[in-house]
$ cat model_31.txt   # compact mmCIF, C-alpha atoms
# COMPACT_ATOMS: atom_id res chain seq x y z
CA MET H 712 75.27 77.93 90.97
CA THR H 713 76.67 79.32 87.75
CA ARG H 714 79.81 77.85 86.23
CA GLU H 715 80.35 80.70 83.81
CA VAL H 716 82.91 83.37 84.54
CA ALA H 717 81.21 86.40 86.08
CA PRO H 718 81.00 89.56 83.93
CA VAL H 719 83.07 91.55 86.41
CA ALA H 720 86.62 90.45 87.23
CA LEU H 721 88.89 91.67 90.02
CA VAL H 722 92.52 92.74 89.84
CA LEU H 723 94.31 92.78 93.19
CA VAL H 724 97.30 95.11 93.15
CA SER H 725 99.68 94.84 96.08
CA HIS H 726 103.28 95.76 96.81
CA SER H 727 103.77 92.13 97.73
CA ARG H 728 103.33 89.20 95.38
CA GLY H 729 102.51 86.98 98.36
CA LEU H 730 99.87 89.38 99.67
CA ALA H 731 98.15 89.64 96.27
CA LEU H 732 98.15 85.86 95.82
CA GLY H 733 96.85 85.39 99.36
CA ALA H 734 94.01 87.84 98.83
CA VAL H 735 93.09 86.06 95.59
CA GLU H 736 93.08 82.75 97.42
CA LEU H 737 90.87 84.11 100.18
CA ALA H 738 88.38 85.72 97.79
CA ALA H 739 88.33 82.73 95.43
CA GLN H 740 87.20 80.47 98.26
CA MET H 741 84.00 82.47 98.48
CA ALA H 742 83.58 83.31 94.81
CA PRO H 743 84.85 80.51 92.59
CA GLY H 744 83.04 81.89 89.53
CA VAL H 745 84.94 85.17 89.42
CA LEU H 746 88.16 85.81 87.53
CA LEU H 747 90.58 87.07 90.19
CA ILE H 748 94.01 88.21 89.08
CA ALA H 749 96.89 88.89 91.44
CA ALA H 750 99.20 91.72 90.38
CA GLY H 751 101.60 91.91 93.29
CA GLY H 752 105.23 92.88 93.62
CA MET H 753 107.89 93.78 91.11
CA GLN H 754 108.68 91.53 88.19
CA ASP H 755 111.83 90.32 89.97
CA GLY H 756 109.68 89.31 92.95
CA GLY H 757 110.71 92.25 95.15
CA LEU H 758 108.36 94.61 96.95
CA GLY H 759 106.74 97.33 94.86
CA THR H 760 104.15 97.68 92.15
CA SER H 761 105.03 96.98 88.55
CA TYR H 762 103.37 98.98 85.80
CA ASP H 763 103.79 96.08 83.38
CA THR H 764 102.35 93.49 85.76
CA VAL H 765 99.32 95.65 86.52
CA GLU H 766 98.79 96.42 82.84
CA GLU H 767 98.89 92.74 81.89
CA ALA H 768 96.43 91.91 84.66
CA VAL H 769 93.98 94.63 83.63
CA VAL H 770 94.15 93.59 79.98
CA GLU H 771 93.48 89.96 80.88
CA ALA H 772 90.66 90.94 83.26
CA THR H 773 88.86 92.94 80.58
CA GLN H 774 89.05 90.29 77.84
CA ASP H 775 85.79 88.89 76.41
CA GLY H 776 83.93 92.10 77.22
CA ARG H 777 84.36 91.77 80.96
CA SER H 778 84.54 94.76 83.29
CA ALA H 779 87.00 94.89 86.15
CA VAL H 780 87.36 96.37 89.60
CA VAL H 781 90.92 97.03 90.76
CA LEU H 782 91.77 96.85 94.45
CA THR H 783 95.01 98.30 95.76
CA ASP H 784 96.96 98.21 98.99
CA LEU H 785 99.24 101.20 99.71
CA GLY H 786 99.45 104.57 97.95
CA SER H 787 101.80 103.83 95.10
CA ALA H 788 99.70 100.84 94.07
CA VAL H 789 96.90 103.33 93.44
CA LEU H 790 99.23 105.59 91.45
CA THR H 791 100.48 102.70 89.35
CA ALA H 792 96.94 101.48 88.66
CA GLU H 793 95.84 105.00 87.69
CA SER H 794 98.82 105.39 85.37
CA VAL H 795 97.93 102.12 83.66
CA LEU H 796 94.32 103.24 83.13
CA ASP H 797 95.51 106.61 81.79
CA LEU H 798 97.52 104.96 79.05
CA LEU H 799 95.17 102.07 78.30
CA ASP H 800 92.82 101.88 75.31
CA GLU H 801 89.93 104.16 76.13
CA ASP H 802 87.19 101.59 75.63
CA MET H 803 89.06 99.14 77.82
CA ALA H 804 89.74 101.74 80.51
CA ALA H 805 86.06 102.71 80.49
CA ARG H 806 85.23 99.25 81.83
CA VAL H 807 87.65 99.45 84.75
CA ARG H 808 87.22 101.10 88.14
CA ILE H 809 89.71 101.49 90.96
CA ALA H 810 88.02 100.90 94.30
CA ASP H 811 88.84 103.14 97.23
CA ALA H 812 88.48 100.21 99.57
CA PRO H 813 90.38 98.15 102.14
CA PHE H 814 92.39 95.56 100.24
CA VAL H 815 91.36 92.28 101.83
CA GLU H 816 87.84 93.12 102.99
CA GLY H 817 87.12 94.93 99.73
CA ALA H 818 88.37 92.01 97.66
CA VAL H 819 86.23 89.50 99.52
CA ALA H 820 83.10 91.65 99.44
CA ALA H 821 83.55 92.56 95.76
CA ALA H 822 84.25 88.96 94.77
CA VAL H 823 81.10 87.68 96.43
CA THR H 824 79.02 90.40 94.78
CA ALA H 825 80.64 89.71 91.40
CA HIS H 826 79.95 86.02 91.83
CA GLY H 827 76.23 86.79 91.89
CA GLY H 828 76.54 88.25 88.40
CA ALA H 829 76.34 91.86 89.57
CA ASP H 830 77.36 94.71 87.29
CA LEU H 831 80.44 96.93 87.59
CA ALA H 832 78.77 99.61 89.71
CA ALA H 833 77.43 97.06 92.19
CA VAL H 834 80.76 95.27 92.55
CA LEU H 835 82.54 98.59 93.03
CA ALA H 836 79.99 99.69 95.64
CA SER H 837 80.40 96.44 97.47
CA ALA H 838 84.17 96.91 97.69
CA VAL H 839 83.87 100.53 98.79
CA HIS H 840 81.32 99.74 101.48
CA ALA H 841 83.47 96.97 102.86
CA GLY H 842 85.41 99.67 104.71
CA SER H 843 82.42 101.22 106.43
CA THR H 844 81.03 97.78 107.21
CA PHE H 845 83.94 97.16 109.53
CA GLY H 846 84.40 100.80 110.43
CA SER H 847 80.87 101.12 111.81
CA ALA H 848 81.24 98.22 114.22
CA ASP H 849 80.40 100.49 117.14
CA GLY H 850 77.80 102.44 115.24
CA GLU H 851 74.07 102.01 115.35
CA PRO H 852 72.71 98.80 113.92
CA THR H 853 70.85 98.88 110.65
CA VAL H 854 67.28 99.75 111.52
CA ALA H 855 64.47 97.76 109.98
CA ALA H 856 62.04 99.65 107.80
CA ALA H 857 59.66 101.58 109.99
CA SER H 858 56.63 100.54 108.04
CA ASP H 859 55.41 96.98 108.14
CA ASP H 860 54.03 97.27 104.63
CA GLY H 861 55.61 94.78 102.30
CA VAL H 862 58.12 93.45 104.84
CA LEU H 863 58.02 89.70 105.24
CA ARG H 864 59.43 88.10 108.36
CA ALA H 865 60.62 84.68 109.34
CA THR H 866 62.90 83.11 111.89
CA ALA H 867 65.27 80.21 111.53
CA VAL H 868 67.67 78.62 113.99
CA LEU H 869 71.31 78.48 113.01
CA ARG H 870 72.53 74.89 113.12
CA ASN H 871 76.12 75.17 112.01
CA PRO H 872 78.62 74.31 114.74
CA LEU H 873 80.82 77.23 113.75
CA GLY H 874 77.93 79.67 113.42
CA LEU H 875 77.53 82.13 110.56
CA HIS H 876 81.22 82.14 109.62
CA ALA H 877 82.75 83.14 106.31
CA ARG H 878 81.64 80.23 104.16
CA PRO H 879 77.93 80.20 105.06
CA ALA H 880 77.87 84.01 105.05
CA ALA H 881 79.16 83.90 101.49
CA VAL H 882 76.58 81.25 100.60
CA VAL H 883 73.81 83.51 101.88
CA ALA H 884 75.07 86.60 100.08
CA ARG H 885 75.56 84.68 96.84
CA MET H 886 72.22 82.93 96.99
CA LEU H 887 70.31 86.14 97.64
CA ALA H 888 71.92 87.89 94.68
CA ALA H 889 69.61 85.81 92.51
CA TYR H 890 66.47 87.42 93.98
CA ASP H 891 65.01 90.84 93.44
CA ALA H 892 64.59 91.46 97.14
CA LYS H 893 66.19 93.34 100.02
CA VAL H 894 67.02 90.94 102.81
CA ARG H 895 68.11 91.63 106.36
CA VAL H 896 69.28 89.10 108.90
CA ASN H 897 69.19 90.38 112.48
CA GLY H 898 69.24 93.86 110.97
CA ALA H 899 72.33 93.26 108.84
CA ASN H 900 72.24 93.57 105.07
CA ALA H 901 72.30 89.95 103.94
CA ALA H 902 73.82 90.88 100.57
CA SER H 903 77.00 91.82 102.44
CA VAL H 904 79.12 88.91 103.53
CA LEU H 905 81.00 91.21 105.89
CA GLU H 906 77.87 92.46 107.64
CA LEU H 907 76.71 88.89 108.06
CA MET H 908 80.04 87.80 109.53
CA LYS H 909 80.02 90.81 111.84
CA LEU H 910 76.83 89.54 113.45
CA GLY H 911 78.96 86.87 115.06
CA ALA H 912 75.91 84.59 115.10
CA LYS H 913 76.67 81.34 116.92
CA GLN H 914 75.12 77.89 116.65
CA GLY H 915 71.62 77.81 118.16
CA VAL H 916 70.89 81.49 117.61
CA GLU H 917 67.49 82.36 116.18
CA LEU H 918 68.00 84.51 113.10
CA GLN H 919 65.40 87.18 112.40
CA ILE H 920 64.92 87.31 108.65
CA GLU H 921 63.20 90.25 106.96
CA THR H 922 62.64 90.51 103.23
CA GLU H 923 61.19 93.20 100.99
CA GLY H 924 60.67 93.64 97.28
CA PRO H 925 59.08 91.82 94.32
CA GLN H 926 60.65 88.48 95.24
CA ALA H 927 60.50 88.91 99.01
CA ALA H 928 58.65 85.65 99.58
CA GLU H 929 60.97 83.57 97.40
CA ALA H 930 64.06 85.07 99.00
CA ARG H 931 62.69 84.48 102.50
CA ASP H 932 61.79 80.87 101.79
CA ALA H 933 65.14 80.13 100.17
CA LEU H 934 67.05 81.65 103.06
CA VAL H 935 65.02 79.83 105.71
CA ALA H 936 65.58 76.57 103.87
CA ALA H 937 69.31 77.23 103.62
CA VAL H 938 69.67 78.08 107.31
CA GLU H 939 67.62 75.11 108.42
CA GLY H 940 69.60 72.91 106.07
CA GLY H 941 72.79 74.01 107.84
CA PHE H 942 74.14 75.40 104.54
CA GLY H 943 75.02 71.87 103.58
CA GLU H 944 77.58 71.69 106.40
CA VAL H 945 75.53 69.83 108.96
CA MET F 250 120.27 130.24 72.90
CA THR F 251 117.98 127.23 72.89
CA LEU F 252 118.10 123.68 74.23
CA ASP F 253 118.04 120.73 71.87
CA VAL F 254 117.79 116.96 71.96
CA ALA F 255 121.44 116.69 73.04
CA TRP F 256 120.53 118.67 76.15
CA ALA F 257 117.65 116.28 76.87
CA ILE F 258 119.96 113.27 76.58
CA GLY F 259 122.55 115.01 78.74
CA TRP F 260 119.88 115.73 81.33
CA VAL F 261 118.88 112.09 81.46
CA ARG F 262 122.50 110.90 81.80
CA LEU F 263 123.28 113.43 84.53
CA SER F 264 120.05 112.50 86.31
CA ALA F 265 121.13 108.87 86.32
CA GLN F 266 124.55 109.90 87.58
CA THR F 267 123.26 112.06 90.42
CA VAL F 268 120.68 109.49 91.46
CA THR F 269 123.47 106.91 91.58
CA GLU F 270 125.73 109.19 93.61
CA HIS F 271 122.95 110.05 96.06
CA ARG F 272 121.42 106.60 96.17
CA GLN F 273 122.43 105.94 99.79
CA GLU F 274 121.40 109.40 100.94
CA LEU F 275 117.92 108.97 99.40
CA ILE F 276 117.62 105.54 100.98
CA GLU F 277 118.49 107.01 104.38
CA LEU F 278 116.05 109.90 104.01
CA ASP F 279 113.28 107.53 103.01
CA ARG F 280 114.15 105.11 105.81
CA GLN F 281 113.51 107.88 108.33
CA ILE F 282 109.98 108.64 107.22
CA GLY F 283 109.01 106.08 104.59
CA ASP F 284 109.81 102.59 103.44
CA GLY F 285 113.45 103.20 102.59
CA ASP F 286 113.24 102.30 98.92
CA HIS F 287 113.34 105.70 97.18
CA GLY F 288 117.07 105.68 96.47
CA GLU F 289 117.09 102.09 95.29
CA ASN F 290 113.97 102.56 93.17
CA LEU F 291 115.24 105.67 91.39
CA PHE F 292 118.63 104.07 90.87
CA ARG F 293 116.99 101.03 89.27
CA GLY F 294 114.68 103.23 87.19
CA PHE F 295 117.34 105.54 85.81
CA SER F 296 119.74 102.65 85.21
CA ALA F 297 117.03 101.08 83.05
CA VAL F 298 116.53 104.40 81.25
CA ILE F 299 120.23 104.58 80.40
CA ALA F 300 120.23 100.99 79.16
CA LYS F 301 117.31 101.77 76.86
CA LEU F 302 118.89 105.00 75.67
CA ASP F 303 122.14 103.17 74.84
CA ALA F 304 120.22 100.51 72.94
CA LEU F 305 118.38 102.96 70.67
CA PRO F 306 119.22 102.36 66.99
CA ALA F 307 119.18 106.09 66.26
CA GLU F 308 119.26 109.31 68.25
CA PRO F 309 115.75 110.45 69.28
CA ALA F 310 114.23 113.02 66.92
CA ASP F 311 113.16 115.54 69.51
CA ILE F 312 113.15 116.36 73.22
CA GLY F 313 109.69 114.93 73.69
CA GLU F 314 110.82 111.54 72.43
CA VAL F 315 113.62 111.41 75.02
CA LEU F 316 111.26 112.39 77.82
CA LYS F 317 108.70 109.80 76.73
CA LEU F 318 111.32 107.09 76.91
CA VAL F 319 112.18 108.21 80.45
CA ALA F 320 108.48 108.26 81.39
CA THR F 321 107.59 104.78 80.23
CA THR F 322 110.78 103.24 81.60
CA LEU F 323 110.39 104.80 85.04
CA MET F 324 106.78 103.68 85.25
CA SER F 325 107.77 100.11 84.44
CA THR F 326 110.84 99.81 86.61
CA VAL F 327 110.72 102.08 89.67
CA GLY F 328 108.18 100.19 91.74
CA GLY F 329 107.44 102.79 94.41
CA ALA F 330 105.26 105.90 94.17
CA ALA F 331 108.09 107.73 92.43
CA GLY F 332 107.53 105.56 89.32
CA PRO F 333 104.05 106.77 88.43
CA LEU F 334 104.76 110.26 89.79
CA TYR F 335 107.95 110.93 87.84
CA GLY F 336 106.60 108.83 84.98
CA THR F 337 103.55 111.04 84.66
CA ALA F 338 105.70 114.16 85.04
CA TYR F 339 107.97 113.14 82.16
CA LEU F 340 105.02 112.00 80.08
CA ARG F 341 103.23 115.34 80.40
CA ALA F 342 106.51 117.14 79.82
CA ALA F 343 107.04 115.05 76.69
CA LYS F 344 103.68 116.13 75.32
CA ALA F 345 104.64 119.76 75.91
CA THR F 346 108.02 119.41 74.20
CA GLY F 347 107.56 117.57 70.91
CA VAL F 348 109.97 120.05 69.38
CA ALA F 349 113.62 120.15 68.37
CA GLN F 350 114.49 123.35 70.27
CA LEU F 351 113.36 124.80 73.58
CA ASP F 352 113.56 128.50 74.34
CA SER F 353 113.04 129.90 77.85
CA GLN F 354 109.26 129.76 77.60
CA GLY F 355 109.58 126.21 76.30
CA VAL F 356 111.51 125.26 79.43
CA VAL F 357 108.76 126.83 81.52
CA ALA F 358 106.16 124.84 79.59
CA LEU F 359 108.13 121.64 80.27
CA LEU F 360 108.32 122.30 84.02
CA GLU F 361 104.69 123.36 84.27
CA ALA F 362 103.53 120.24 82.46
CA ALA F 363 105.66 118.06 84.75
CA LEU F 364 104.26 119.72 87.86
CA GLU F 365 100.71 119.35 86.57
CA GLY F 366 101.37 115.66 85.97
CA ILE F 367 102.65 115.14 89.50
CA VAL F 368 99.75 117.02 91.04
CA ALA F 369 97.22 115.16 88.89
CA ARG F 370 98.72 111.79 89.79
CA GLY F 371 99.52 112.34 93.45
CA LYS F 372 96.67 114.72 94.28
CA ALA F 373 99.04 116.52 96.62
CA THR F 374 99.31 120.23 97.15
CA THR F 375 102.08 122.34 98.68
CA GLY F 376 102.75 121.98 102.40
CA GLU F 377 102.09 118.23 102.51
CA LYS F 378 105.78 117.28 102.58
CA THR F 379 106.04 115.79 99.11
CA MET F 380 107.93 116.40 95.88
CA VAL F 381 105.27 119.01 95.06
CA ASP F 382 106.99 121.24 97.65
CA ALA F 383 110.10 121.29 95.46
CA TRP F 384 108.44 121.27 92.03
CA THR F 385 106.07 124.17 92.76
CA PRO F 386 108.65 126.81 93.76
CA ALA F 387 110.93 125.53 90.98
CA THR F 388 108.24 126.14 88.39
CA GLU F 389 107.36 129.53 89.85
CA ALA F 390 111.02 130.57 89.79
CA ALA F 391 111.33 129.40 86.19
CA VAL F 392 108.32 131.51 85.18
CA ALA F 393 109.78 134.57 86.87
CA ALA F 394 113.21 134.04 85.32
CA ALA F 395 111.84 133.49 81.81
CA ASP F 396 109.58 136.51 82.07
CA GLY F 397 112.61 138.51 83.17
CA GLY F 398 114.46 137.59 79.98
CA ALA F 399 116.69 134.79 81.32
CA SER F 400 118.20 132.22 78.95
CA PRO F 401 116.97 128.59 79.07
CA ALA F 402 120.08 127.64 81.07
CA GLU F 403 119.45 130.45 83.55
CA VAL F 404 115.81 129.45 83.84
CA LEU F 405 116.90 125.93 84.81
CA VAL F 406 119.39 127.25 87.37
CA ALA F 407 116.63 129.35 88.91
CA ALA F 408 114.38 126.31 89.01
CA ALA F 409 117.04 124.10 90.61
CA ASP F 410 117.88 126.75 93.22
CA ALA F 411 114.22 127.16 94.13
CA ALA F 412 113.77 123.37 94.29
CA ARG F 413 116.60 123.24 96.80
CA VAL F 414 114.97 125.89 98.98
CA GLY F 415 111.62 124.13 98.64
CA ALA F 416 113.13 120.77 99.57
CA GLU F 417 114.86 122.18 102.65
CA ALA F 418 111.55 123.77 103.67
CA THR F 419 109.95 120.32 103.90
CA ILE F 420 112.06 119.50 106.98
CA PRO F 421 109.73 121.00 109.64
CA LEU F 422 106.56 119.90 107.84
CA VAL F 423 104.27 117.13 109.04
CA ALA F 424 103.48 114.81 106.14
CA THR F 425 99.83 114.51 105.14
CA LYS F 426 100.33 112.66 101.84
CA GLY F 427 102.33 109.62 100.90
CA ARG F 428 103.87 106.90 103.04
CA ALA F 429 105.30 109.41 105.53
CA SER F 430 101.78 110.51 106.46
CA TYR F 431 101.40 107.28 108.43
CA LEU F 432 103.96 108.71 110.86
CA GLY F 433 101.98 111.88 111.53
CA GLU F 434 103.88 114.28 113.81
CA ARG F 435 106.93 112.03 113.80
CA SER F 436 107.51 112.93 110.14
CA ALA F 437 108.51 116.47 111.16
CA GLY F 438 112.25 117.15 111.32
CA HIS F 439 113.14 115.14 108.22
CA LEU F 440 113.82 116.18 104.63
CA ASP F 441 111.31 114.66 102.23
CA PRO F 442 113.14 112.23 99.92
CA GLY F 443 110.91 113.00 96.93
CA ALA F 444 111.59 116.71 97.30
CA ARG F 445 115.32 115.96 97.54
CA SER F 446 115.32 113.80 94.39
CA THR F 447 113.37 116.52 92.58
CA GLU F 448 116.11 118.98 93.51
CA LEU F 449 118.79 116.58 92.22
CA ILE F 450 117.02 115.98 88.93
CA LEU F 451 116.41 119.68 88.30
CA ARG F 452 120.05 120.41 89.15
CA ALA F 453 121.00 117.85 86.53
CA ALA F 454 118.80 119.68 84.01
CA ALA F 455 120.65 122.92 84.76
CA GLN F 456 124.06 121.26 84.55
CA ALA F 457 123.19 119.72 81.19
CA ALA F 458 122.43 123.20 79.86
CA ALA F 459 125.58 124.81 81.28
$ encode --input "model_31.txt" --output "structure tokens"
Amino acid sequence: MTREVAPVALVLVSHSRGLALGAVELAAQMAPGVLLIAAGGMQDGGLGTSYDTVEEAVVEATQDGRSAVVLTDLGSAVLTAESVLDLLDEDMAARVRIADAPFVEGAVAAAVTAHGGADLAAVLASAVHAGSTFGSADGEPTVAAASDDGVLRATAVLRNPLGLHARPAAVVARMLAAYDAKVRVNGANAASVLELMKLGAKQGVELQIETEGPQAAEARDALVAAVEGGFGEV
Amino acid sequence: MTLDVAWAIGWVRLSAQTVTEHRQELIELDRQIGDGDHGENLFRGFSAVIAKLDALPAEPADIGEVLKLVATTLMSTVGGAAGPLYGTAYLRAAKATGVAQLDSQGVVALLEAALEGIVARGKATTGEKTMVDAWTPATEAAVAAADGGASPAEVLVAAADAARVGAEATIPLVATKGRASYLGERSAGHLDPGARSTELILRAAAQAAA
């Protein structure tokens, strides 16, 4: 696991200081290697979004050549963040994206992706898709590739007493970011901590693992080992 | 007759005064369909603007400089959506008015730039029960007045009158943008607070030119 700060940081803009700090806390638990900056509330602690607070956060996030994804809660947080980017140095603003994403889910998903060393576009996509990950709960499950060519399969029994909850789901998503492979667990995209959690997999369940891509075998073996090892919790 | 930097300063002071006088009304309007902070936020923002204006070592050189001070202060201090919306409006208006004197077409350019800023920032259009519903008819009325040979002061009166009509017309609308949109149909029957504050601020502009 890398100890360096990931190249993409997150700025969490909320009307509430407490909400922003809480979202940072939640995301940090799953992505300790990512710079997460809370920009919540007015400077006097009241509810609202402060231009100055958001500007300071974005400047800090983009230091040392980092990029940053900004997550926002309600409408005016978006407007404040956009105003900051409008007036920021152009080369700094060029490395910042505002995610149209749910605040908490987007922050967690983006943080986990950023932790794997992903680039700006990937972190942004992860935040944006966090909404549809929950939104499609009643939709059709992700279908495995129709062709068997190149798809490796394995099964592993989940040993953790609490099942595939947030922490192990984040471990899986983080671990797999290191491999050039597409991985599905029971049909869910294993790079997405939210999709994994949505499986609701309980202790004793047999996970169907499918991997594809240049490092399919390595990814499969690593995941099987991690599941059978109880993600270090058992 | 043209408007100068003294008009711009007068506009800002009268805006602060009217926002202070109507603080409770704006709070009540926003409480009905929003989060109830519009009056308080604008009061805080314009109070900060006045404090900065009073602390200036020298009088601003041109109208644009005054408007830029309003823009940056509102963005930093308002807190709600009105901060970036009015902030962007004043900022765009400042860019259009880096001059010592405004004639009637200059006033039109100021209002058009402000409206463009609000639309660009809020991505709202008319009929969505927002301040755009007051700014748009105000700008259109200003264009018509200026083209008809009205003085800058008359152009501003036309704009303020049209903003009032536009604001009143938001009452039956169902909000589809902004915090009120969460209420859906229940937002109908209430005056939009942003449209009302727009009307107040444009009335202040007209009074400063009178």
$ residues_around --input "model_31.txt" --residues "region 930-941 of chain H" --least-positions-apart "5" --cutoff "6 Å" --atoms "only C-alpha atoms" --output "list in words"
Ala867, Leu869, Arg870 and Asn871 of chain H
$ write_last_selection --input "model_31.txt" --atoms "C-alpha atoms" --output "PDB file, in the frame of the given file"
ATOM      1  CA  ALA H 867      65.270  80.210 111.530  1.00  0.00           C
ATOM      2  CA  LEU H 869      71.310  78.480 113.010  1.00  0.00           C
ATOM      3  CA  ARG H 870      72.530  74.890 113.120  1.00  0.00           C
ATOM      4  CA  ASN H 871      76.120  75.170 112.010  1.00  0.00           C
TER       5      ASN H 871
END
$ residues_around --input "model_31.txt" --residues "Val780 (chain H)" --least-positions-apart "5" --cutoff "8 Å" --atoms "all atoms listed in the file" --output "mmCIF file with C-alpha atoms, in the frame of the given file"
data_model
loop_
_atom_site.group_PDB
_atom_site.id
_atom_site.type_symbol
_atom_site.label_atom_id
_atom_site.label_comp_id
_atom_site.auth_asym_id
_atom_site.auth_seq_id
_atom_site.Cartn_x
_atom_site.Cartn_y
_atom_site.Cartn_z
ATOM 1 C CA VAL H 719 83.070 91.550 86.410
ATOM 2 C CA ALA H 720 86.620 90.450 87.230
ATOM 3 C CA LEU H 721 88.890 91.670 90.020
ATOM 4 C CA VAL H 722 92.520 92.740 89.840
ATOM 5 C CA VAL H 807 87.650 99.450 84.750
ATOM 6 C CA ARG H 808 87.220 101.100 88.140
ATOM 7 C CA ILE H 809 89.710 101.490 90.960
ATOM 8 C CA ALA H 810 88.020 100.900 94.300
ATOM 9 C CA LEU H 831 80.440 96.930 87.590
ATOM 10 C CA VAL H 834 80.760 95.270 92.550
ATOM 11 C CA LEU H 835 82.540 98.590 93.030
#
$ residues_around --input "model_31.txt" --residues "region 878-883 of chain H" --least-positions-apart "5" --cutoff "10 Å" --atoms "all atoms listed in the file" --output "PyMOL selection string"
chain H and resi 740-742+819-820+822-824+826+871+873+888+901-909+933-934+937-938+941-944
$ write_last_selection --input "model_31.txt" --atoms "C-alpha atoms" --output "PDB file, in the coordinates of the input"
ATOM      1  CA  GLN H 740      87.200  80.470  98.260  1.00  0.00           C
ATOM      2  CA  MET H 741      84.000  82.470  98.480  1.00  0.00           C
ATOM      3  CA  ALA H 742      83.580  83.310  94.810  1.00  0.00           C
ATOM      4  CA  VAL H 819      86.230  89.500  99.520  1.00  0.00           C
ATOM      5  CA  ALA H 820      83.100  91.650  99.440  1.00  0.00           C
ATOM      6  CA  ALA H 822      84.250  88.960  94.770  1.00  0.00           C
ATOM      7  CA  VAL H 823      81.100  87.680  96.430  1.00  0.00           C
ATOM      8  CA  THR H 824      79.020  90.400  94.780  1.00  0.00           C
ATOM      9  CA  HIS H 826      79.950  86.020  91.830  1.00  0.00           C
ATOM     10  CA  ASN H 871      76.120  75.170 112.010  1.00  0.00           C
ATOM     11  CA  LEU H 873      80.820  77.230 113.750  1.00  0.00           C
ATOM     12  CA  ALA H 888      71.920  87.890  94.680  1.00  0.00           C
ATOM     13  CA  ALA H 901      72.300  89.950 103.940  1.00  0.00           C
ATOM     14  CA  ALA H 902      73.820  90.880 100.570  1.00  0.00           C
ATOM     15  CA  SER H 903      77.000  91.820 102.440  1.00  0.00           C
ATOM     16  CA  VAL H 904      79.120  88.910 103.530  1.00  0.00           C
ATOM     17  CA  LEU H 905      81.000  91.210 105.890  1.00  0.00           C
ATOM     18  CA  GLU H 906      77.870  92.460 107.640  1.00  0.00           C
ATOM     19  CA  LEU H 907      76.710  88.890 108.060  1.00  0.00           C
ATOM     20  CA  MET H 908      80.040  87.800 109.530  1.00  0.00           C
ATOM     21  CA  LYS H 909      80.020  90.810 111.840  1.00  0.00           C
ATOM     22  CA  ALA H 933      65.140  80.130 100.170  1.00  0.00           C
ATOM     23  CA  LEU H 934      67.050  81.650 103.060  1.00  0.00           C
ATOM     24  CA  ALA H 937      69.310  77.230 103.620  1.00  0.00           C
ATOM     25  CA  VAL H 938      69.670  78.080 107.310  1.00  0.00           C
ATOM     26  CA  GLY H 941      72.790  74.010 107.840  1.00  0.00           C
ATOM     27  CA  PHE H 942      74.140  75.400 104.540  1.00  0.00           C
ATOM     28  CA  GLY H 943      75.020  71.870 103.580  1.00  0.00           C
ATOM     29  CA  GLU H 944      77.580  71.690 106.400  1.00  0.00           C
TER      30      GLU H 944
END
$ atom_distance --input "model_31.txt" --atom1 "CA of Arg777 (chain H)" --atom2 "CA of Met803 (chain H)"
9.3 Å
$ atom_distance --input "model_31.txt" --atom1 "CA of Glu289 (chain F)" --atom2 "CA of Ala331 (chain F)"
11.0 Å
$ atom_distance --input "model_31.txt" --atom1 "CA of Ala369 (chain F)" --atom2 "CA of Thr425 (chain F)"
16.5 Å
